[in-house]
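Note: the block below is coords_31.pdb and it holds PDB, C-alpha atoms (C1' of nucleotides).
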ATOM      1  CA  MET J  20       4.044  -8.564  10.200
ATOM      2  CA  GLN J  21       1.049  -9.338   8.020
ATOM      3  CA  ASP J  22      -0.389 -12.114   5.888
ATOM      4  CA  LYS J  23       1.176 -13.198   2.628
ATOM      5  CA  ILE J  24      -1.438 -11.805   0.296
ATOM      6  CA  THR J  25      -1.300  -8.406   1.963
ATOM      7  CA  LYS J  26       2.486  -8.384   1.639
ATOM      8  CA  LEU J  27       2.020  -9.116  -2.029
ATOM      9  CA  PHE J  28      -0.584  -6.405  -2.550
ATOM     10  CA  LYS J  29       1.544  -3.903  -0.643
ATOM     11  CA  ALA J  30       4.598  -4.839  -2.658
ATOM     12  CA  ILE J  31       2.901  -3.962  -5.933
ATOM     13  CA  ALA J  32       1.103  -0.930  -4.523
ATOM     14  CA  ASP J  33       4.260   1.149  -4.722
ATOM     15  CA  PRO J  34       4.914   2.580  -8.190
ATOM     16  CA  THR J  35       8.697   2.405  -7.852
ATOM     17  CA  ARG J  36       8.484  -1.259  -6.940
ATOM     18  CA  ARG J  37       6.235  -1.942  -9.896
ATOM     19  CA  ASP J  38       8.852  -0.270 -12.071
ATOM     20  CA  ILE J  39      11.688  -2.280 -10.567
ATOM     21  CA  PHE J  40       9.736  -5.483 -10.973
ATOM     22  CA  HIS J  41       8.964  -4.615 -14.570
ATOM     23  CA  ALA J  42      12.600  -3.855 -15.297
ATOM     24  CA  LEU J  43      13.554  -7.253 -13.901
ATOM     25  CA  VAL J  44      10.863  -9.047 -15.861
ATOM     26  CA  ILE J  45      11.900  -7.628 -19.204
ATOM     27  CA  ALA J  46      15.625  -7.836 -18.501
ATOM     28  CA  THR J  47      17.407 -10.441 -20.580
ATOM     29  CA  SER J  48      19.647 -11.369 -17.668
ATOM     30  CA  ALA J  49      19.582 -11.042 -13.911
ATOM     31  CA  LEU J  50      20.486  -7.582 -12.638
ATOM     32  CA  SER J  51      22.671  -6.671  -9.693
ATOM     33  CA  ILE J  52      21.587  -4.132  -7.101
ATOM     34  CA  THR J  53      23.913  -1.552  -8.604
ATOM     35  CA  GLN J  54      22.630  -2.212 -12.091
ATOM     36  CA  ILE J  55      19.068  -1.695 -10.919
ATOM     37  CA  SER J  56      20.002   1.453  -9.008
ATOM     38  CA  SER J  57      21.515   2.992 -12.102
ATOM     39  CA  GLN J  58      18.064   2.975 -13.706
ATOM     40  CA  PHE J  59      16.359   4.887 -10.904
ATOM     41  CA  ASP J  60      16.643   8.229  -9.229
ATOM     42  CA  ILE J  61      16.774   6.911  -5.691
ATOM     43  CA  SER J  62      19.804   5.744  -3.751
ATOM     44  CA  ARG J  63      21.196   2.229  -3.817
ATOM     45  CA  GLN J  64      19.963   1.725  -0.280
ATOM     46  CA  GLY J  65      16.509   2.756  -1.314
ATOM     47  CA  ILE J  66      16.610   0.151  -4.053
ATOM     48  CA  THR J  67      17.889  -2.463  -1.622
ATOM     49  CA  LYS J  68      14.868  -1.827   0.598
ATOM     50  CA  HIS J  69      12.443  -2.135  -2.279
ATOM     51  CA  ILE J  70      14.128  -5.308  -3.441
ATOM     52  CA  LYS J  71      13.767  -6.742   0.044
ATOM     53  CA  THR J  72      10.049  -5.973   0.009
ATOM     54  CA  LEU J  73       9.695  -7.592  -3.400
ATOM     55  CA  GLU J  74      11.704 -10.583  -2.260
ATOM     56  CA  GLU J  75       9.517 -11.042   0.811
ATOM     57  CA  ALA J  76       6.500 -11.000  -1.457
ATOM     58  CA  GLY J  77       8.161 -13.712  -3.537
ATOM     59  CA  LEU J  78       8.351 -11.497  -6.610
ATOM     60  CA  VAL J  79      12.126 -11.438  -6.752
ATOM     61  CA  HIS J  80      14.717 -14.165  -6.356
ATOM     62  CA  ILE J  81      18.298 -13.382  -5.521
ATOM     63  CA  ASN J  82      21.421 -15.183  -6.551
ATOM     64  CA  THR J  83      24.633 -14.194  -4.824
ATOM     65  CA  HIS J  84      27.860 -14.439  -6.778
ATOM     66  CA  GLY J  85      30.817 -13.121  -4.875
ATOM     67  CA  ARG J  86      30.140  -9.587  -3.840
ATOM     68  CA  GLU J  87      27.263  -9.163  -6.248
ATOM     69  CA  ARG J  88      23.592 -10.062  -5.801
ATOM     70  CA  PHE J  89      21.722 -10.814  -8.985
ATOM     71  CA  CYS J  90      17.993 -10.328  -8.968
ATOM     72  CA  ASN J  91      15.451 -12.197 -11.047
ATOM     73  CA  ALA J  92      11.774 -11.443 -11.283
ATOM     74  CA  ASN J  93       9.377 -14.211 -10.364
ATOM     75  CA  ALA J  94       5.863 -13.522 -11.543
ATOM     76  CA  LYS J  95       4.288 -16.619 -10.034
ATOM     77  CA  PRO J  96       2.960 -15.002  -6.858
ATOM     78  CA  LEU J  97       0.865 -12.742  -9.061
ATOM     79  CA  LYS J  98      -1.356 -15.750  -9.643
ATOM     80  CA  GLU J  99      -2.780 -14.957  -6.230
ATOM     81  CA  VAL J 100      -3.647 -11.431  -7.297
ATOM     82  CA  SER J 101      -5.197 -12.798 -10.434
ATOM     83  CA  LYS J 102      -7.313 -15.200  -8.402
ATOM     84  CA  TRP J 103      -8.434 -12.385  -6.133
ATOM     85  CA  VAL J 104      -9.426 -10.203  -9.048
ATOM     86  CA  GLU J 105     -11.106 -13.028 -10.937
ATOM     87  CA  PHE J 106     -13.668 -13.441  -8.214
ATOM     88  CA  TYR J 107     -14.847  -9.886  -8.714
ATOM     89  CA  SER J 108     -14.813 -10.072 -12.495
ATOM     90  CA  GLN J 109     -18.302 -11.561 -12.383
ATOM     91  CA  PHE J 110     -19.540  -8.242 -11.036
ATOM     92  CA  TRP J 111     -17.875  -5.775 -13.309
ATOM     93  CA  ASP J 112     -19.616  -6.130 -16.635
ATOM     94  CA  ASN J 113     -23.253  -6.416 -15.801
ATOM     95  CA  SER J 114     -24.762  -3.254 -14.444
ATOM     96  CA  LEU J 115     -27.409  -5.659 -13.188
ATOM     97  CA  GLN J 116     -25.784  -5.567  -9.786
ATOM     98  CA  ASP J 117     -25.834  -1.774  -9.830
ATOM     99  CA  LEU J 118     -29.467  -1.731 -10.842
ATOM    100  CA  GLU J 119     -30.402  -4.282  -8.218
ATOM    101  CA  ASN J 120     -28.630  -2.318  -5.537
ATOM    102  CA  TYR J 121     -30.267   0.847  -6.745
ATOM    103  CA  LEU J 122     -33.723  -0.662  -6.546
ATOM    104  CA  ASN J 123     -33.162  -2.222  -3.148
ATOM    105  CA  ASN J 124     -31.817   1.063  -2.001
ATOM    106  CA  SER J 125     -34.822   3.089  -3.189
ATOM    107  CA  LYS J 126     -37.215   0.525  -1.812
ATOM    108  CA  ASP J 127     -35.629   0.604   1.638
ATOM    109  CA  VAL J 128     -35.862   4.374   1.917
TER     110      VAL J 128
ATOM    111  CA  MET T  30      -1.596  12.941  -4.925
ATOM    112  CA  GLN T  31      -0.671  10.058  -7.196
ATOM    113  CA  ASP T  32      -1.764   8.370 -10.384
ATOM    114  CA  LYS T  33      -5.016   6.505 -10.730
ATOM    115  CA  ILE T  34      -3.605   3.014 -10.910
ATOM    116  CA  THR T  35      -1.506   3.555  -7.812
ATOM    117  CA  LYS T  36      -4.561   4.826  -5.953
ATOM    118  CA  LEU T  37      -6.318   1.653  -6.993
ATOM    119  CA  PHE T  38      -3.469  -0.641  -5.960
ATOM    120  CA  LYS T  39      -3.139   1.182  -2.634
ATOM    121  CA  ALA T  40      -6.859   0.942  -2.027
ATOM    122  CA  ILE T  41      -6.823  -2.829  -2.273
ATOM    123  CA  ALA T  42      -3.514  -3.215  -0.446
ATOM    124  CA  ASP T  43      -5.193  -2.728   2.917
ATOM    125  CA  PRO T  44      -6.843  -5.868   4.303
ATOM    126  CA  THR T  45      -9.636  -3.960   6.026
ATOM    127  CA  ARG T  46     -10.496  -2.183   2.798
ATOM    128  CA  ARG T  47     -10.527  -5.468   0.921
ATOM    129  CA  ASP T  48     -12.940  -6.767   3.550
ATOM    130  CA  ILE T  49     -15.183  -3.718   3.281
ATOM    131  CA  PHE T  50     -15.176  -3.959  -0.479
ATOM    132  CA  HIS T  51     -16.024  -7.633  -0.296
ATOM    133  CA  ALA T  52     -18.870  -6.985   2.117
ATOM    134  CA  LEU T  53     -20.283  -4.405  -0.288
ATOM    135  CA  VAL T  54     -19.927  -6.697  -3.274
ATOM    136  CA  ILE T  55     -21.821  -9.567  -1.711
ATOM    137  CA  ALA T  56     -24.412  -7.371  -0.009
ATOM    138  CA  THR T  57     -27.875  -7.674  -1.496
ATOM    139  CA  SER T  58     -28.500  -3.981  -1.027
ATOM    140  CA  ALA T  59     -26.447  -0.841  -0.573
ATOM    141  CA  LEU T  60     -25.092  -0.354   2.932
ATOM    142  CA  SER T  61     -24.935   2.818   4.959
ATOM    143  CA  ILE T  62     -21.782   3.882   6.757
ATOM    144  CA  THR T  63     -23.263   2.809  10.077
ATOM    145  CA  GLN T  64     -24.285  -0.553   8.678
ATOM    146  CA  ILE T  65     -20.766  -1.165   7.432
ATOM    147  CA  SER T  66     -19.264  -0.020  10.721
ATOM    148  CA  SER T  67     -21.348  -2.523  12.642
ATOM    149  CA  GLN T  68     -19.510  -5.331  10.846
ATOM    150  CA  PHE T  69     -16.041  -4.133  11.806
ATOM    151  CA  ASP T  70     -14.089  -3.520  14.953
ATOM    152  CA  ILE T  71     -12.955  -0.048  14.062
ATOM    153  CA  SER T  72     -14.756   3.228  14.625
ATOM    154  CA  ARG T  73     -17.265   4.762  12.243
ATOM    155  CA  GLN T  74     -14.745   7.462  11.399
ATOM    156  CA  GLY T  75     -12.212   4.807  10.524
ATOM    157  CA  ILE T  76     -14.726   3.251   8.164
ATOM    158  CA  THR T  77     -15.536   6.629   6.643
ATOM    159  CA  LYS T  78     -11.874   7.120   5.830
ATOM    160  CA  HIS T  79     -11.578   3.706   4.228
ATOM    161  CA  ILE T  80     -14.729   4.325   2.215
ATOM    162  CA  LYS T  81     -13.284   7.588   0.987
ATOM    163  CA  THR T  82     -10.145   5.803  -0.184
ATOM    164  CA  LEU T  83     -12.235   3.169  -1.941
ATOM    165  CA  GLU T  84     -14.420   5.844  -3.491
ATOM    166  CA  GLU T  85     -11.412   7.739  -4.807
ATOM    167  CA  ALA T  86     -10.203   4.516  -6.376
ATOM    168  CA  GLY T  87     -13.615   4.174  -8.010
ATOM    169  CA  LEU T  88     -14.380   0.953  -6.148
ATOM    170  CA  VAL T  89     -17.328   2.367  -4.240
ATOM    171  CA  HIS T  90     -20.204   4.558  -5.309
ATOM    172  CA  ILE T  91     -22.225   6.530  -2.819
ATOM    173  CA  ASN T  92     -25.874   7.434  -2.897
ATOM    174  CA  THR T  93     -27.071   9.970  -0.367
ATOM    175  CA  HIS T  94     -30.611   9.626   0.932
ATOM    176  CA  GLY T  95     -31.447  12.112   3.631
ATOM    177  CA  ARG T  96     -28.920  11.777   6.395
ATOM    178  CA  GLU T  97     -27.718   8.367   5.231
ATOM    179  CA  ARG T  98     -25.064   7.536   2.655
ATOM    180  CA  PHE T  99     -25.520   4.227   0.928
ATOM    181  CA  CYS T 100     -22.466   2.553  -0.493
ATOM    182  CA  ASN T 101     -22.317   0.244  -3.484
ATOM    183  CA  ALA T 102     -19.319  -1.681  -4.656
ATOM    184  CA  ASN T 103     -18.146  -1.090  -8.200
ATOM    185  CA  ALA T 104     -15.765  -3.763  -9.400
ATOM    186  CA  LYS T 105     -15.057  -2.219 -12.802
ATOM    187  CA  PRO T 106     -11.804  -0.475 -11.881
ATOM    188  CA  LEU T 107     -10.376  -3.891 -11.067
ATOM    189  CA  LYS T 108     -10.186  -4.456 -14.806
ATOM    190  CA  GLU T 109      -7.087  -2.293 -14.651
ATOM    191  CA  VAL T 110      -5.523  -4.575 -12.069
ATOM    192  CA  SER T 111      -6.459  -7.545 -14.177
ATOM    193  CA  LYS T 112      -4.800  -5.979 -17.216
ATOM    194  CA  TRP T 113      -1.674  -5.263 -15.206
ATOM    195  CA  VAL T 114      -1.458  -8.817 -13.969
ATOM    196  CA  GLU T 115      -2.268 -10.330 -17.339
ATOM    197  CA  PHE T 116       0.869  -8.895 -18.838
ATOM    198  CA  TYR T 117       2.979 -10.809 -16.359
ATOM    199  CA  SER T 118       1.020 -14.027 -16.682
ATOM    200  CA  GLN T 119       3.131 -14.938 -19.704
ATOM    201  CA  PHE T 120       6.105 -15.214 -17.376
ATOM    202  CA  TRP T 121       4.712 -17.215 -14.523
ATOM    203  CA  ASP T 122       4.265 -20.702 -15.834
ATOM    204  CA  ASN T 123       7.340 -21.385 -17.856
ATOM    205  CA  SER T 124      10.439 -21.757 -15.787
ATOM    206  CA  LEU T 125      12.104 -21.055 -19.116
ATOM    207  CA  GLN T 126      12.547 -17.480 -18.059
ATOM    208  CA  ASP T 127      14.119 -18.589 -14.802
ATOM    209  CA  LEU T 128      16.423 -20.960 -16.636
ATOM    210  CA  GLU T 129      17.344 -18.323 -19.176
ATOM    211  CA  ASN T 130      18.116 -15.813 -16.484
ATOM    212  CA  TYR T 131      20.098 -18.393 -14.609
ATOM    213  CA  LEU T 132      22.219 -19.200 -17.623
ATOM    214  CA  ASN T 133      22.805 -15.556 -18.522
ATOM    215  CA  ASN T 134      23.690 -14.957 -14.964
ATOM    216  CA  SER T 135      26.262 -17.754 -14.779
ATOM    217  CA  LYS T 136      27.671 -16.754 -18.122
ATOM    218  CA  ASP T 137      28.184 -13.137 -17.061
ATOM    219  CA  VAL T 138      30.064 -14.129 -13.902
TER     220      VAL T 138
ATOM    221  C1'  DA H   8     -40.532  20.846  19.787
ATOM    222  C1'  DT H   9     -37.290  17.797  21.616
ATOM    223  C1'  DT H  10     -34.550  13.934  21.238
ATOM    224  C1'  DT H  11     -32.227  10.624  18.708
ATOM    225  C1'  DT H  12     -29.680   9.169  14.868
ATOM    226  C1'  DA H  13     -26.342   9.457  10.763
ATOM    227  C1'  DA H  14     -22.622  11.318   9.439
ATOM    228  C1'  DG H  15     -18.988  15.080   8.240
ATOM    229  C1'  DC H  16     -15.024  17.790   9.755
ATOM    230  C1'  DA H  17     -10.862  18.741  12.148
ATOM    231  C1'  DA H  18      -7.316  17.777  15.141
ATOM    232  C1'  DC H  19      -4.573  14.622  16.893
ATOM    233  C1'  DC H  20      -1.625  10.239  17.619
ATOM    234  C1'  DA H  21       1.176   6.209  16.712
ATOM    235  C1'  DA H  22       3.119   3.225  13.665
ATOM    236  C1'  DA H  23       4.705   2.133   9.158
ATOM    237  C1'  DA H  24       6.826   3.313   4.908
ATOM    238  C1'  DA H  25      10.040   5.599   1.844
ATOM    239  C1'  DG H  26      14.002   7.510   1.617
ATOM    240  C1'  DT H  27      18.592   9.275   3.202
ATOM    241  C1'  DT H  28      23.618   9.232   4.984
ATOM    242  C1'  DG H  29      27.606   7.112   7.138
ATOM    243  C1'  DC H  30      30.301   3.335   7.938
ATOM    244  C1'  DG H  31      32.080  -1.393   7.820
ATOM    245  C1'  DT H  32      33.234  -5.546   5.242
ATOM    246  C1'  DA H  33      34.107  -8.705   1.782
ATOM    247  C1'  DT H  34      35.454  -9.496  -2.965
ATOM    248  C1'  DT H  35      37.780  -7.939  -7.125
ATOM    249  C1'  DT H  36      41.011  -5.587  -9.757
ATOM    250  C1'  DA H  37      45.315  -3.308 -10.580
TER     251       DA H  37
ATOM    252  C1'  DT O  21      49.406  -5.557  -1.329
ATOM    253  C1'  DA O  22      46.686  -1.500  -2.176
ATOM    254  C1'  DA O  23      42.749   0.521  -4.300
ATOM    255  C1'  DA O  24      38.281   0.103  -5.971
ATOM    256  C1'  DT O  25      33.826  -1.908  -6.047
ATOM    257  C1'  DA O  26      29.384  -4.091  -4.360
ATOM    258  C1'  DC O  27      26.865  -4.394  -0.822
ATOM    259  C1'  DG O  28      24.781  -4.859   4.080
ATOM    260  C1'  DC O  29      23.690  -2.769   8.428
ATOM    261  C1'  DA O  30      22.179   0.771  11.437
ATOM    262  C1'  DA O  31      20.533   5.164  12.546
ATOM    263  C1'  DC O  32      17.920   8.856  11.295
ATOM    264  C1'  DT O  33      14.287  11.999   8.932
ATOM    265  C1'  DT O  34      10.034  12.872   6.625
ATOM    266  C1'  DT O  35       5.725  11.572   4.876
ATOM    267  C1'  DT O  36       1.922   8.622   4.703
ATOM    268  C1'  DT O  37      -1.303   5.727   6.727
ATOM    269  C1'  DG O  38      -4.625   3.796   9.875
ATOM    270  C1'  DG O  39      -6.804   4.869  13.588
ATOM    271  C1'  DT O  40      -8.819   7.728  17.387
ATOM    272  C1'  DT O  41     -11.799  11.409  19.893
ATOM    273  C1'  DG O  42     -14.599  15.618  20.154
ATOM    274  C1'  DC O  43     -17.672  18.563  18.152
ATOM    275  C1'  DT O  44     -21.169  20.132  14.798
ATOM    276  C1'  DT O  45     -24.905  19.732  11.609
ATOM    277  C1'  DA O  46     -28.740  17.889   9.401
ATOM    278  C1'  DA O  47     -32.484  14.644   9.138
ATOM    279  C1'  DA O  48     -35.893  11.525  11.411
ATOM    280  C1'  DA O  49     -38.555   9.897  15.013
ATOM    281  C1'  DT O  50     -41.182  10.663  19.247
TER     282       DT O  50
END
Show me, as C-alpha cells, the structure contained in the file I just sent.
Amino acid sequence: MQDKITKLFKAIADPTRRDIFHALVIATSALSITQISSQFDISRQGITKHIKTLEEAGLVHINTHGRERFCNANAKPLKEVSKWVEFYSQFWDNSLQDLENYLNNSKDV
Amino acid sequence: MQDKITKLFKAIADPTRRDIFHALVIATSALSITQISSQFDISRQGITKHIKTLEEAGLVHINTHGRERFCNANAKPLKEVSKWVEFYSQFWDNSLQDLENYLNNSKDV
DNA sequence: ATTTTAAGCAACCAAAAAGTTGCGTATTTA
DNA sequence: TAAATACGCAACTTTTTGGTTGCTTAAAAT
C-alpha cells in the first residue's frame, strides 16, 4: 500500500478515527468493538474498518478473548509524528524566514 | 467542508504534499508553481491542486507577481499538530497504561 | 505586434476511502 | 440444546482524492 509514516498520518487524518483513538486512550479499560460502536453514530462494521486502519498504523492493539476483541490505544507511533513536526518547529516562530523569502522574492522580480 | 484541524491533518497526510511543503521550507527563496512542478513527476495542474490544499491548511502563502505566483511555506499551523500530539505523549513512554489496560481487561473477562 | 510563458478553470477519470447491508460463524448464556 | 451475542467477511454504494488533458487569459519577451 504505502509507507508506514503515511499510514500513520492517514490514520489520524480522519476525525472519527481521532475520536476513537481518544476514547481508547482515556478509557480505563480496553474496549470491545461493540463497546466502541455504542459511542458513535456509525455502524459496527464502520468502526471495525476504522479500528483496522488504526491497528495497521500501530495506534491500536487488540486482545481477543473468546468472541470479543478488546482494543487498547498505543500512542507510541505518534513519536514519529512528533519527530516530523519538530523539524519544522524551528521555522514557525521567527518571521525571519518569511522576511527573507519576501526579500528574495522582491529582489528576483 | 470540514474543520480546520482536519484540513491540516489531511494536508500533511499526502506524501507528495509533505514533499512539496518540505521543498518550500528549505528553499532559500519563494518558488513559483512552475518551479515547484519541475521538481516533481506530476503535472503542473496536479501541483496547483496540492498547493491549494496546503494553502487552505495555512501551510503555504502565495505572493502574486505579474503572471507568477510565488509560494512560501508557513510552518505555524503545525503548532496545532504539535499540541494534538503532545497530549498523547504522556501515554507513550510508560507501559503502565498498557499494563493497567491489560489487567482491567483480564479482570473483566 | 507576435510569440512565448505562467498559470487558472473546468471537465473528466480512476482509485481509494468511508460507510452500508446481509450473512455466516463461533462463543456465551439461558 | 436453543437462543442470543460478538464479530468477521464480502459485496456494494457514494464521496473524496489524486491525477489528467484541453482551453483560455494575462503578462513578458522578442
- Between CA of Ala94 (chain J) and CA of Tyr117 (chain T) - distance in Å to one decimal: 6.2 Å
Under the PyMOL selection byres ((chain O) within 12 of (chain J)), which residues of this model are included? Write them out as an mmCIF file with C-alpha atoms (C1' of nucleotides), in the coordinates of the input.
data_model
loop_
_atom_site.group_PDB
_atom_site.id
_atom_site.type_symbol
_atom_site.label_atom_id
_atom_site.label_comp_id
_atom_site.auth_asym_id
_atom_site.auth_seq_id
_atom_site.Cartn_x
_atom_site.Cartn_y
_atom_site.Cartn_z
ATOM 1 C "C1'" DT O 25 33.826 -1.908 -6.047
ATOM 2 C "C1'" DA O 26 29.384 -4.091 -4.360
ATOM 3 C "C1'" DC O 27 26.865 -4.394 -0.822
ATOM 4 C "C1'" DG O 28 24.781 -4.859 4.080
ATOM 5 C "C1'" DC O 29 23.690 -2.769 8.428
ATOM 6 C "C1'" DA O 30 22.179 0.771 11.437
ATOM 7 C "C1'" DA O 48 -35.893 11.525 11.411
#
All Cα atoms, paired in order, least squares: that's the fit I need for chain T onto chain J, output as a short mmCIF file (atom, residue, chain, number, x, y, z; two decimals) with C-alpha atoms, in the coordinates of the input.
data_model
loop_
_atom_site.label_atom_id
_atom_site.label_comp_id
_atom_site.auth_asym_id
_atom_site.auth_seq_id
_atom_site.Cartn_x
_atom_site.Cartn_y
_atom_site.Cartn_z
CA MET T 30 4.03 -8.59 10.18
CA GLN T 31 1.02 -9.36 8.03
CA ASP T 32 -0.41 -12.09 5.86
CA LYS T 33 1.14 -13.19 2.61
CA ILE T 34 -1.45 -11.78 0.28
CA THR T 35 -1.31 -8.39 1.95
CA LYS T 36 2.48 -8.39 1.63
CA LEU T 37 2.01 -9.10 -2.05
CA PHE T 38 -0.60 -6.39 -2.57
CA LYS T 39 1.54 -3.89 -0.66
CA ALA T 40 4.59 -4.82 -2.68
CA ILE T 41 2.90 -3.94 -5.94
CA ALA T 42 1.11 -0.89 -4.54
CA ASP T 43 4.26 1.20 -4.78
CA PRO T 44 4.93 2.62 -8.25
CA THR T 45 8.70 2.43 -7.90
CA ARG T 46 8.49 -1.23 -6.95
CA ARG T 47 6.24 -1.93 -9.91
CA ASP T 48 8.86 -0.27 -12.09
CA ILE T 49 11.69 -2.29 -10.58
CA PHE T 50 9.73 -5.48 -10.97
CA HIS T 51 8.96 -4.62 -14.57
CA ALA T 52 12.61 -3.87 -15.30
CA LEU T 53 13.55 -7.27 -13.88
CA VAL T 54 10.86 -9.06 -15.85
CA ILE T 55 11.91 -7.66 -19.19
CA ALA T 56 15.64 -7.87 -18.49
CA THR T 57 17.43 -10.49 -20.54
CA SER T 58 19.65 -11.39 -17.63
CA ALA T 59 19.59 -11.05 -13.86
CA LEU T 60 20.49 -7.60 -12.59
CA SER T 61 22.67 -6.68 -9.66
CA ILE T 62 21.58 -4.14 -7.08
CA THR T 63 23.92 -1.56 -8.58
CA GLN T 64 22.64 -2.23 -12.07
CA ILE T 65 19.07 -1.70 -10.92
CA SER T 66 20.02 1.44 -9.02
CA SER T 67 21.54 2.97 -12.12
CA GLN T 68 18.10 2.96 -13.74
CA PHE T 69 16.41 4.87 -10.93
CA ASP T 70 16.72 8.22 -9.27
CA ILE T 71 16.83 6.93 -5.74
CA SER T 72 19.83 5.75 -3.77
CA ARG T 73 21.20 2.22 -3.80
CA GLN T 74 19.96 1.75 -0.26
CA GLY T 75 16.49 2.78 -1.35
CA ILE T 76 16.61 0.15 -4.06
CA THR T 77 17.86 -2.46 -1.61
CA LYS T 78 14.86 -1.81 0.59
CA HIS T 79 12.44 -2.11 -2.31
CA ILE T 80 14.11 -5.32 -3.43
CA LYS T 81 13.73 -6.72 0.05
CA THR T 82 10.01 -5.94 0.00
CA LEU T 83 9.67 -7.57 -3.41
CA GLU T 84 11.67 -10.57 -2.25
CA GLU T 85 9.48 -11.02 0.81
CA ALA T 86 6.46 -10.97 -1.46
CA GLY T 87 8.13 -13.68 -3.53
CA LEU T 88 8.32 -11.47 -6.61
CA VAL T 89 12.10 -11.42 -6.75
CA HIS T 90 14.67 -14.15 -6.33
CA ILE T 91 18.26 -13.37 -5.50
CA ASN T 92 21.39 -15.19 -6.53
CA THR T 93 24.60 -14.21 -4.79
CA HIS T 94 27.81 -14.43 -6.78
CA GLY T 95 30.81 -13.14 -4.90
CA ARG T 96 30.10 -9.61 -3.80
CA GLU T 97 27.21 -9.16 -6.22
CA ARG T 98 23.56 -10.07 -5.75
CA PHE T 99 21.70 -10.82 -8.94
CA CYS T 100 17.97 -10.32 -8.94
CA ASN T 101 15.43 -12.20 -11.02
CA ALA T 102 11.76 -11.44 -11.27
CA ASN T 103 9.35 -14.20 -10.35
CA ALA T 104 5.84 -13.51 -11.55
CA LYS T 105 4.24 -16.61 -10.03
CA PRO T 106 2.92 -14.98 -6.86
CA LEU T 107 0.83 -12.72 -9.07
CA LYS T 108 -1.40 -15.72 -9.66
CA GLU T 109 -2.81 -14.93 -6.24
CA VAL T 110 -3.66 -11.41 -7.31
CA SER T 111 -5.21 -12.77 -10.46
CA LYS T 112 -7.34 -15.17 -8.43
CA TRP T 113 -8.45 -12.36 -6.16
CA VAL T 114 -9.46 -10.18 -9.07
CA GLU T 115 -11.12 -13.01 -10.95
CA PHE T 116 -13.68 -13.43 -8.23
CA TYR T 117 -14.85 -9.88 -8.72
CA SER T 118 -14.83 -10.04 -12.50
CA GLN T 119 -18.32 -11.54 -12.39
CA PHE T 120 -19.56 -8.23 -11.04
CA TRP T 121 -17.89 -5.75 -13.32
CA ASP T 122 -19.63 -6.08 -16.63
CA ASN T 123 -23.27 -6.38 -15.80
CA SER T 124 -24.77 -3.21 -14.48
CA LEU T 125 -27.41 -5.62 -13.22
CA GLN T 126 -25.76 -5.54 -9.84
CA ASP T 127 -25.80 -1.76 -9.86
CA LEU T 128 -29.45 -1.73 -10.86
CA GLU T 129 -30.33 -4.31 -8.25
CA ASN T 130 -28.56 -2.37 -5.56
CA TYR T 131 -30.21 0.80 -6.71
CA LEU T 132 -33.66 -0.72 -6.52
CA ASN T 133 -33.06 -2.30 -3.11
CA ASN T 134 -31.73 0.98 -1.97
CA SER T 135 -34.75 2.99 -3.11
CA LYS T 136 -37.08 0.38 -1.72
CA ASP T 137 -35.47 0.48 1.73
CA VAL T 138 -35.75 4.27 1.96
#
- Might you spell out which residues the PyMOL selection byres ((chain O and resi 35-37) around 12) would select in the displayed file, as an MDAnalysis selection string? (chainID T and resid 30 39:40 42:43 75 78:79 82) or (chainID H and resid 20:26) or (chainID O and resid 33:34 38:39)
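Distances to DC16 (chain H) were evaluated for O:DT21, O:DT50, O:DT40, O:DT45 using only C-alpha atoms (C1' of nucleotides), and the minimum falls at O:DT45.
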- Message: Here's the selection I'm unsure about, the PyMOL selection byres ((chain H and resi 11) around 10); applied to the file above, which residues does it give, as number ranges by chain?
- Response: H: 9-10, 12-13; O: 48-50
Same residues, C-alpha atoms (C1' of nucleotides), saved as a PDB file, in the coordinates of the input:
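selection11.pdb was written with the following content:
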ATOM      1  C1'  DT H   9     -37.290  17.797  21.616  1.00  0.00           C
ATOM      2  C1'  DT H  10     -34.550  13.934  21.238  1.00  0.00           C
ATOM      3  C1'  DT H  12     -29.680   9.169  14.868  1.00  0.00           C
ATOM      4  C1'  DA H  13     -26.342   9.457  10.763  1.00  0.00           C
TER       5       DA H  13
ATOM      6  C1'  DA O  48     -35.893  11.525  11.411  1.00  0.00           C
ATOM      7  C1'  DA O  49     -38.555   9.897  15.013  1.00  0.00           C
ATOM      8  C1'  DT O  50     -41.182  10.663  19.247  1.00  0.00           C
TER       9       DT O  50
END
- Which residues, written as an MDAnalysis selection string, have at least one atom at most 10 Å from DG42 (chain O), with all atoms listed in the file counted and residues fewer than 2 positions away on the same chain left out? (chainID H and resid 17:18) or (chainID O and resid 44)
Kindly assemble as a Markdown table a list of the chain J residues that lie within 7 Å of chain T, each paired with its nearest atom pair and their distance in Å to one decimal, using all atoms listed in the file, sorted first by chain and then by ascending residue number.
| residue | atom | partner | partner_atom | distance |
| --- | --- | --- | --- | --- |
| J:Thr25 | CA | T:Ala42 | CA | 6.1 |
| J:Phe28 | CA | T:Ala42 | CA | 4.8 |
| J:Lys29 | CA | T:Ala42 | CA | 5.1 |
| J:Ala32 | CA | T:Phe38 | CA | 4.8 |
| J:Asp33 | CA | T:Thr35 | CA | 7.0 |
| J:Pro34 | CA | T:Thr35 | CA | 6.5 |
| J:Thr47 | CA | T:Asn130 | CA | 6.8 |
| J:Ser48 | CA | T:Asn130 | CA | 4.8 |
| J:Ala49 | CA | T:Asn130 | CA | 5.6 |
| J:Asn93 | CA | T:Trp121 | CA | 6.9 |
| J:Ala94 | CA | T:Trp121 | CA | 4.9 |
| J:Lys95 | CA | T:Trp121 | CA | 4.5 |
| J:Leu97 | CA | T:Val114 | CA | 6.7 |
| J:Ser101 | CA | T:Val114 | CA | 6.5 |
| J:Val104 | CA | T:Ser111 | CA | 6.5 |
| J:Tyr107 | CA | T:Ala104 | CA | 6.2 |
| J:Phe110 | CA | T:Ala104 | CA | 6.1 |
| J:Trp111 | CA | T:Lys105 | CA | 4.6 |
| J:Asn120 | CA | T:Ser58 | CA | 4.8 |
| J:Asn123 | CA | T:Ser58 | CA | 5.4 |
| J:Asn124 | CA | T:Ala59 | CA | 5.9 |
- Query: Closest to chain H among T:Ile76, T:Ala86, T:Ile71, T:Ala52, using only C-alpha atoms (C1' of nucleotides)?
  - Reply: T:Ile76
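Using only C-alpha atoms (C1' of nucleotides), the smallest distance between any of J:Asp38, J:Ser62, J:Glu75, J:Lys23 and chain H comes from J:Ser62.
We find C1' of DG31 (chain H) and CA of Val79 (chain J) to be spaced 26.7 Å apart.
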